[in-house]
Amino acid sequence: MSPKFKIILLFTLTLFFILIILNISTNYDLQKNGWYSLAIMYFFSFSIFQISVLEKVVSKGKKFVQSHLFLTALKMVLSIMFIIVYGMIMGEEIEELFFIWFLSLYLLYTALLGWLFYKKK
């Protein structure tokens with residue numbers, strides 16, 4: 001198990017803990033339909049995929065940058081598709097808070113992956 005995987009896993013578990021605390025401390029039932037947890041699992045899964053691909057090319061300079069840009073674009077497209085599917089399934093019951101949650105997750109996971117690969121050793 002790589003250190004990057006451990007950090008992503010710990011971060012994901014922390015997000016689930018935060019989601020549980022928010023669910024308990026507010027009157028809003030965030031786990032009613034499972035979309036909030038599904039969003040966390042989506043970003044966790046894609047981050048693990050991204051780490052596995054980027055660790056293979058991290059020392060190859062140009063290939064690393066190309067891979068990173070491609071994976072970032074792929075994550076953006078898949079995230080848009082996730083939001084569209086959410087909107088189509090939920091219909092009139094769309095929750096605005098979910099979009100804020102999803103955008104926050106997108107930015108947090110992107111920043112964490114950037115930090116993991118670009119931090120000075």
# chains A, B, ... in the order shown; residues from 1 in each chain; ligands from 1
>>> closest_atom_pairs(of="region 2-61 of chain A", to="region 78-87 of chain A", cutoff="12 Å", atoms="only C-alpha atoms", output="CSV")
residue,atom,partner,partner_atom,distance
A:Asn33,CA,A:Tyr86,CA,10.9
A:Gly34,CA,A:Tyr86,CA,11.1
A:Trp35,CA,A:Tyr86,CA,8.0
A:Tyr36,CA,A:Tyr86,CA,10.7
A:Leu38,CA,A:Phe82,CA,10.0
A:Ala39,CA,A:Phe82,CA,8.6
A:Ile40,CA,A:Ser79,CA,11.8
A:Tyr42,CA,A:Ser79,CA,8.9
A:Phe43,CA,A:Ser79,CA,9.0
A:Phe46,CA,A:Leu78,CA,9.7
>>> residues_around(residues="region 23-30 of chain A", least_positions_apart="6", cutoff="12 Å", atoms="only C-alpha atoms", output="ChimeraX atom specification")
/A:16-17,36-39,95-98,101
>>> write_last_selection(atoms="N, CA and C atoms", output="JSON list (two decimals), in the first residue's frame")
[["chain", "number", "residue", "atom", "x", "y", "z"],
["A", 16, "PHE", "N", -16.18, 10.96, 5.13],
["A", 16, "PHE", "CA", -17.35, 10.20, 5.58],
["A", 16, "PHE", "C", -17.72, 10.56, 7.01],
["A", 17, "PHE", "N", -16.73, 10.75, 7.86],
["A", 17, "PHE", "CA", -16.97, 11.16, 9.24],
["A", 17, "PHE", "C", -17.65, 12.52, 9.27],
["A", 36, "TYR", "N", -24.74, 11.64, -1.61],
["A", 36, "TYR", "CA", -23.60, 12.29, -0.99],
["A", 36, "TYR", "C", -22.46, 11.29, -0.77],
["A", 37, "SER", "N", -22.80, 10.10, -0.31],
["A", 37, "SER", "CA", -21.80, 9.04, -0.13],
["A", 37, "SER", "C", -21.27, 8.56, -1.48],
["A", 38, "LEU", "N", -22.15, 8.46, -2.45],
["A", 38, "LEU", "CA", -21.74, 8.02, -3.79],
["A", 38, "LEU", "C", -20.74, 9.00, -4.40],
["A", 39, "ALA", "N", -20.93, 10.28, -4.15],
["A", 39, "ALA", "CA", -19.99, 11.29, -4.65],
["A", 39, "ALA", "C", -18.61, 11.10, -4.03],
["A", 95, "GLU", "N", -31.44, 18.60, -4.98],
["A", 95, "GLU", "CA", -31.00, 19.36, -3.80],
["A", 95, "GLU", "C", -29.83, 20.25, -4.20],
["A", 96, "GLU", "N", -29.97, 21.54, -3.97],
["A", 96, "GLU", "CA", -28.90, 22.49, -4.31],
["A", 96, "GLU", "C", -27.65, 22.23, -3.47],
["A", 97, "LEU", "N", -27.85, 21.77, -2.25],
["A", 97, "LEU", "CA", -26.72, 21.49, -1.36],
["A", 97, "LEU", "C", -25.82, 20.40, -1.95],
["A", 98, "PHE", "N", -26.40, 19.47, -2.71],
["A", 98, "PHE", "CA", -25.59, 18.42, -3.31],
["A", 98, "PHE", "C", -24.56, 19.00, -4.29],
["A", 101, "TRP", "N", -21.74, 20.37, -2.30],
["A", 101, "TRP", "CA", -20.98, 19.23, -1.78],
["A", 101, "TRP", "C", -20.09, 18.64, -2.87]]
>>> select_by_dssp(residues="chain A", states="alpha helix (DSSP H)", output="count of residues only")
98
>>> atom_distance(atom1="CA of Leu108 (chain A)", atom2="CA of Lys62 (chain A)")
25.2 Å
>>> closest_residue(among="A:Phe44, A:Ser67, A:Leu107, A:Phe117", to="Leu10 (chain A)", atoms="only C-alpha atoms")
A:Phe44
>>> atom_distance(atom1="CA of Leu9 (chain A)", atom2="CA of Gln66 (chain A)")
25.5 Å
>>> closest_residue(among="A:Gly114, A:Lys119, A:Tyr106, A:Glu92", to="Leu54 (chain A)", atoms="only C-alpha atoms")
A:Gly114
>>> closest_residue(among="A:Leu112, A:Met41, A:Met1, A:Leu74", to="Leu13 (chain A)", atoms="only C-alpha atoms")
A:Met41
>>> closest_residue(among="A:Phe49, A:Phe64, A:Phe99, A:Phe5", to="Tyr118 (chain A)", atoms="only C-alpha atoms")
A:Phe64
>>> atom_distance(atom1="CA of Ile48 (chain A)", atom2="CA of Ile89 (chain A)")
26.7 Å
